[in-house]
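Enquirer: This is the structure I want to talk about, given as structure tokens.
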Amino acid sequence: MNFDDFSFAQPWWLLLLAALPALAWLQGGRGPMPAVRFSSVEAMRFGAQKRNAGWGGFARVLLHVALALLVIALARPRLGKTHDTIESSGVDIMLALDVSGSMVAEDFTLGGEPASRLDAVKDVTKRFIEARPNDRLGIIVFAGRPYLMSPATLDHTWLLQNLERMQNGILADTGTSIGTALASASNRLRDKVSKSKIIVLLTDGAENVTTVKPEIAAEAAKTLGIKIYTIGVGTNGPVRVPVTTLFGQKQYRMQQFPTDEPGLQKIAQIGGGQFFRAADSETLNNVFKQIDQLEKTEVKLKRKVEWRELFEWFIAAGSLLLAVRAALAQTIWRTVP
């Protein structure tokens with residue numbers, strides 16, 4: 001394990017290190033007077049002067065280094081490894097995205113080039129997912145019936161891979177069933193325990209295949225504590241739609257796909273959310289940014305430090321130096337009284 005922090009658990013013990021120079025100064029003072037008396041002190045002046053033998057100086061160095069190591073051991077030197085854990089009171093979000101035939105209409109732009117409604121939705125949805133790394137997100141696509149592309153998950157890499165599979169024709173173009181899409185998304189969130197549960201419903205059309213009425217599905221979601229945001233995409237006027245001729249040639253026709261704005265507004269009102277209108281790429285991107293700001297996730301960073309104590313090494317080193325000093329004093333550098 002790699003340790004990245006060095007500190008002392010009880011650093012105030014290091015104040016004792018300041019006493020070691022004073023101890024060295026006291027030990028370096030004049031020694032005792034000579035034991036032999038001379039008739040003239042002046043004659044023995046040089047003999048009476050204290051001289052530090054080589055062993056004496058070395059012994060003091062060993063003692064002071066040993067004491068310094070023991071003082072450092074008292075301060076408990078240690079190495080630390082920091083572990084950061086992110087705890088989030090996340091938001092569970094199901095994206096219910098319309099993939100009916102009208103989503104191929106090209107009234108959006110990407111990179112300055114004409115793009116279909118579906119391509120524009122995939123682009124902003126990808127950025128929305130990437131901006132919420134701590135939330136569980138899932139995708140339901142729908143036309144005349146709903147289809148689960150991905151349950152709510154924190155594995156956003158896998159989620160984005162599934163988003164790439166979303167294309168026109170993934171479901172038979174049998175109309176638009178908003179009610180069943182809402183019911184299916186609510187069912188995927190009903191057992192989730194989270195700070196909040198959200199459905200983002202995006203469509204460019206109106207309910208024309210009714211199995212479950214959208215208002216009833218919205219009421220059911222509300223009782224489950226689920227908030228609903230609705231987005232109506234595309235223009236209400238004639239739009240360019242690509243078609244393939246019998247000879248495989250691509251041509252364009254002008255068609256009109258009116259969006260049921262009052263119905264989407266009512267769904268959002270029942271679900272306690274908001275309705276948004278996105279007629280172009282920039283507006284659609286701003287809509288997702290607004291939803292991102294409205295539903296913020298609380299993220300808490302918990303930091304834990306794992307310590308490895310080092311004081312044993314300093315005790316061992318200091319004790320070894322004292323032992324060496326004692327051994328040398330009793331053997332090769334033994335002094336005669």
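Every chain in the structure tokens has a letter given in the order shown (A, B, ...), and although residue numbers restart at 1 in each chain, ligands are simply numbered from 1 in the order shown.
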List every residue of stretch 96-175 of chain A that has an atom at most 10 Å from any atom of stretch 255-261 of chain A, giving for each one its closest atom pair and the distance in Å to one decimal, counting only C-alpha atoms, sorted by chain and then by ascending residue number, as a tab-separated table.

Expert:
```
residue	atom	partner	partner_atom	distance
A:Ser102	CA	A:Phe257	CA	6.9
A:Met103	CA	A:Phe257	CA	9.5
A:Ala105	CA	A:Gln255	CA	8.4
```

Enquirer: From a DSSP pass on the backbone, collect the residues of stretch 167-299 of chain A flagged as alpha helix (DSSP H) and hand them back as a ChimeraX atom specification.

Expert: /A:178-189,214-223,261-270,281-294

Enquirer: Please, could you write that set of residues out with C-alpha atoms as a CSV table (one decimal), in the first residue's frame?

Expert:
```csv
chain,number,residue,atom,x,y,z
A,178,ILE,CA,-47.8,8.2,-23.5
A,179,GLY,CA,-49.9,6.6,-20.7
A,180,THR,CA,-48.3,3.2,-20.9
A,181,ALA,CA,-44.8,4.8,-21.1
A,182,LEU,CA,-45.5,6.6,-17.8
A,183,ALA,CA,-46.9,3.5,-16.2
A,184,SER,CA,-43.9,1.5,-17.2
A,185,ALA,CA,-41.5,4.1,-15.9
A,186,SER,CA,-43.4,4.4,-12.6
A,187,ASN,CA,-43.3,0.7,-12.1
A,188,ARG,CA,-39.5,0.7,-12.5
A,189,LEU,CA,-39.2,3.4,-9.8
A,214,PRO,CA,-51.8,9.6,-19.3
A,215,GLU,CA,-53.6,11.5,-16.5
A,216,ILE,CA,-54.4,8.3,-14.6
A,217,ALA,CA,-50.7,7.1,-15.1
A,218,ALA,CA,-49.6,10.5,-13.7
A,219,GLU,CA,-51.9,10.2,-10.7
A,220,ALA,CA,-50.5,6.7,-10.0
A,221,ALA,CA,-46.9,8.1,-10.2
A,222,LYS,CA,-47.8,10.9,-7.8
A,223,THR,CA,-49.0,8.4,-5.2
A,261,GLU,CA,-49.0,20.6,-25.2
A,262,PRO,CA,-52.1,21.0,-23.0
A,263,GLY,CA,-51.9,17.2,-22.3
A,264,LEU,CA,-48.2,17.3,-21.4
A,265,GLN,CA,-48.7,20.4,-19.2
A,266,LYS,CA,-51.5,18.6,-17.3
A,267,ILE,CA,-49.2,15.5,-16.8
A,268,ALA,CA,-46.5,17.7,-15.4
A,269,GLN,CA,-48.9,19.5,-13.2
A,270,ILE,CA,-50.3,16.3,-11.7
A,281,SER,CA,-31.3,21.9,-30.4
A,282,GLU,CA,-30.2,24.8,-28.3
A,283,THR,CA,-33.6,25.0,-26.4
A,284,LEU,CA,-33.6,21.2,-25.9
A,285,ASN,CA,-30.1,21.4,-24.4
A,286,ASN,CA,-31.2,24.2,-22.1
A,287,VAL,CA,-34.2,22.2,-21.0
A,288,PHE,CA,-32.1,19.3,-19.8
A,289,LYS,CA,-29.7,21.8,-18.1
A,290,GLN,CA,-32.7,23.3,-16.2
A,291,ILE,CA,-33.9,19.8,-15.1
A,292,ASP,CA,-30.3,19.0,-14.0
A,293,GLN,CA,-30.3,22.2,-11.8
A,294,LEU,CA,-33.8,21.6,-10.4
```

Enquirer: Please, what distance in Å, to one decimal, runs between atom CA of A:Pro133 and atom CA of A:Leu154?

Expert: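 That distance, rounded to one decimal, is 7.3 Å.
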
Enquirer: Would you return as a PDB file with N, CA and C atoms, in the first residue's frame the members of stretch 163-241 of chain A that DSSP assigns to strand (DSSP E) on this structure's backbone?

Expert:
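Output below, filename selection_8.pdb:
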```pdb
ATOM      1  N   SER A 196     -35.157  11.299  -4.111  1.00  0.00           N
ATOM      2  CA  SER A 196     -36.303  11.637  -4.959  1.00  0.00           C
ATOM      3  C   SER A 196     -36.301  10.756  -6.196  1.00  0.00           C
ATOM      4  N   LYS A 197     -37.486  10.593  -6.760  1.00  0.00           N
ATOM      5  CA  LYS A 197     -37.679   9.758  -7.946  1.00  0.00           C
ATOM      6  C   LYS A 197     -38.314  10.612  -9.040  1.00  0.00           C
ATOM      7  N   ILE A 198     -37.719  10.542 -10.221  1.00  0.00           N
ATOM      8  CA  ILE A 198     -38.084  11.453 -11.309  1.00  0.00           C
ATOM      9  C   ILE A 198     -38.365  10.674 -12.592  1.00  0.00           C
ATOM     10  N   ILE A 199     -39.383  11.121 -13.326  1.00  0.00           N
ATOM     11  CA  ILE A 199     -39.598  10.668 -14.701  1.00  0.00           C
ATOM     12  C   ILE A 199     -39.455  11.885 -15.610  1.00  0.00           C
ATOM     13  N   VAL A 200     -38.628  11.755 -16.636  1.00  0.00           N
ATOM     14  CA  VAL A 200     -38.530  12.784 -17.677  1.00  0.00           C
ATOM     15  C   VAL A 200     -39.142  12.187 -18.940  1.00  0.00           C
ATOM     16  N   LEU A 201     -40.297  12.696 -19.315  1.00  0.00           N
ATOM     17  CA  LEU A 201     -41.023  12.196 -20.485  1.00  0.00           C
ATOM     18  C   LEU A 201     -40.792  13.131 -21.655  1.00  0.00           C
ATOM     19  N   LEU A 202     -40.312  12.594 -22.762  1.00  0.00           N
ATOM     20  CA  LEU A 202     -40.025  13.403 -23.949  1.00  0.00           C
ATOM     21  C   LEU A 202     -40.763  12.818 -25.138  1.00  0.00           C
ATOM     22  N   THR A 203     -41.567  13.670 -25.791  1.00  0.00           N
ATOM     23  CA  THR A 203     -42.323  13.213 -26.950  1.00  0.00           C
ATOM     24  C   THR A 203     -42.546  14.368 -27.916  1.00  0.00           C
ATOM     25  N   ILE A 226     -43.400  10.047  -7.128  1.00  0.00           N
ATOM     26  CA  ILE A 226     -42.585  10.268  -8.323  1.00  0.00           C
ATOM     27  C   ILE A 226     -42.953  11.609  -8.955  1.00  0.00           C
ATOM     28  N   LYS A 227     -41.955  12.414  -9.242  1.00  0.00           N
ATOM     29  CA  LYS A 227     -42.160  13.703  -9.900  1.00  0.00           C
ATOM     30  C   LYS A 227     -41.995  13.515 -11.416  1.00  0.00           C
ATOM     31  N   ILE A 228     -42.788  14.246 -12.184  1.00  0.00           N
ATOM     32  CA  ILE A 228     -42.774  14.089 -13.639  1.00  0.00           C
ATOM     33  C   ILE A 228     -42.454  15.419 -14.321  1.00  0.00           C
ATOM     34  N   TYR A 229     -41.437  15.389 -15.184  1.00  0.00           N
ATOM     35  CA  TYR A 229     -41.148  16.505 -16.079  1.00  0.00           C
ATOM     36  C   TYR A 229     -41.501  16.060 -17.496  1.00  0.00           C
ATOM     37  N   THR A 230     -42.166  16.927 -18.241  1.00  0.00           N
ATOM     38  CA  THR A 230     -42.524  16.586 -19.624  1.00  0.00           C
ATOM     39  C   THR A 230     -41.870  17.584 -20.588  1.00  0.00           C
ATOM     40  N   ILE A 231     -41.453  17.065 -21.739  1.00  0.00           N
ATOM     41  CA  ILE A 231     -40.790  17.886 -22.761  1.00  0.00           C
ATOM     42  C   ILE A 231     -41.466  17.616 -24.103  1.00  0.00           C
ATOM     43  N   GLY A 232     -41.957  18.667 -24.721  1.00  0.00           N
ATOM     44  CA  GLY A 232     -42.495  18.556 -26.070  1.00  0.00           C
ATOM     45  C   GLY A 232     -41.433  19.026 -27.055  1.00  0.00           C
ATOM     46  N   VAL A 233     -41.010  18.168 -27.955  1.00  0.00           N
ATOM     47  CA  VAL A 233     -39.922  18.519 -28.877  1.00  0.00           C
ATOM     48  C   VAL A 233     -40.453  18.721 -30.296  1.00  0.00           C
ATOM     49  N   VAL A 239     -42.683  20.032 -41.166  1.00  0.00           N
ATOM     50  CA  VAL A 239     -41.253  19.733 -41.010  1.00  0.00           C
ATOM     51  C   VAL A 239     -40.818  18.759 -42.098  1.00  0.00           C
ATOM     52  N   ARG A 240     -39.510  18.764 -42.372  1.00  0.00           N
ATOM     53  CA  ARG A 240     -38.947  17.910 -43.409  1.00  0.00           C
ATOM     54  C   ARG A 240     -38.749  16.496 -42.859  1.00  0.00           C
ATOM     55  N   VAL A 241     -39.315  15.515 -43.552  1.00  0.00           N
ATOM     56  CA  VAL A 241     -39.237  14.110 -43.118  1.00  0.00           C
ATOM     57  C   VAL A 241     -38.615  13.282 -44.241  1.00  0.00           C
TER      58      VAL A 241
END
```

Enquirer: Let me make sure I understand: among A:Gly234, A:Gly318, A:Gly90, A:Gly111, which one has the smallest atom-to-atom distance to A:Ala278 if we use only C-alpha atoms?

Expert: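 Once distances to A:Ala278 are computed over only C-alpha atoms, the minimum belongs to A:Gly234.
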
Enquirer: For A:Asn162, work out the shell of residues within 10 Å, counting only C-alpha atoms and skipping chain neighbours fewer than 6 positions away, then give it as an MDAnalysis selection string.

Expert: chainID A and resid 138:139 149:150 156

Enquirer: Write the residues of the selection above to a file with N, CA and C atoms, as a compact mmCIF listing (two decimals), in the first residue's frame.

Expert:
```txt
# COMPACT_ATOMS: atom_id res chain seq x y z
N GLY A 138 -32.22 5.33 -15.82
CA GLY A 138 -32.67 4.27 -16.71
C GLY A 138 -33.37 4.87 -17.92
N ILE A 139 -33.60 4.04 -18.93
CA ILE A 139 -34.22 4.52 -20.18
C ILE A 139 -35.34 3.58 -20.60
N MET A 149 -35.09 -0.08 -22.25
CA MET A 149 -33.73 -0.12 -22.78
C MET A 149 -32.72 -0.42 -21.67
N SER A 150 -32.98 0.16 -20.48
CA SER A 150 -32.08 -0.05 -19.35
C SER A 150 -32.80 0.29 -18.05
N HIS A 156 -23.10 3.88 -15.75
CA HIS A 156 -23.45 4.79 -16.83
C HIS A 156 -22.75 4.45 -18.15
```

Enquirer: Please provide the set of residues having any atom within 8 Å of A:Arg308, restricted to only C-alpha atoms, with same-chain residues fewer than 2 positions apart removed, written as a ChimeraX atom specification.

Expert: /A:78-80,306,310

Enquirer: Set the distance at 12 Å and use only C-alpha atoms: which residues neighbour A:Leu320 once local chain neighbours fewer than 2 positions away are removed? I'd like the list as a PyMOL selection string.

Expert: chain A and resi 62-63+65-67+69-70+313-318+322-327

Enquirer: Closest to A:Leu224 among A:Val124, A:Val193, A:Leu14, A:Ala115, using only C-alpha atoms?

Expert: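 Comparing A:Val124, A:Val193, A:Leu14, A:Ala115 against A:Leu224, the winner is A:Val193.
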
Enquirer: To one decimal place, how far is atom CA of A:Lys192 from atom CA of A:Val141 in Å?

Expert: 20.1 Å

Enquirer: Can you work out the spacing between atom CA of A:Leu148 and atom CA of A:Lys296 in Å, to one decimal?

Expert: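 It comes out at 25.0 Å.
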
Enquirer: When you look at A:Pro242 with a cut-off of 8 Å (counting only C-alpha atoms), what residues show up, excluding the ones that are within fewer than 5 positions of it in the same chain? I need them as a list of chain:residue names.

Expert: A:Val104, A:Ala105, A:Glu106, A:Lys250, A:Gln251, A:Tyr252, A:Arg253
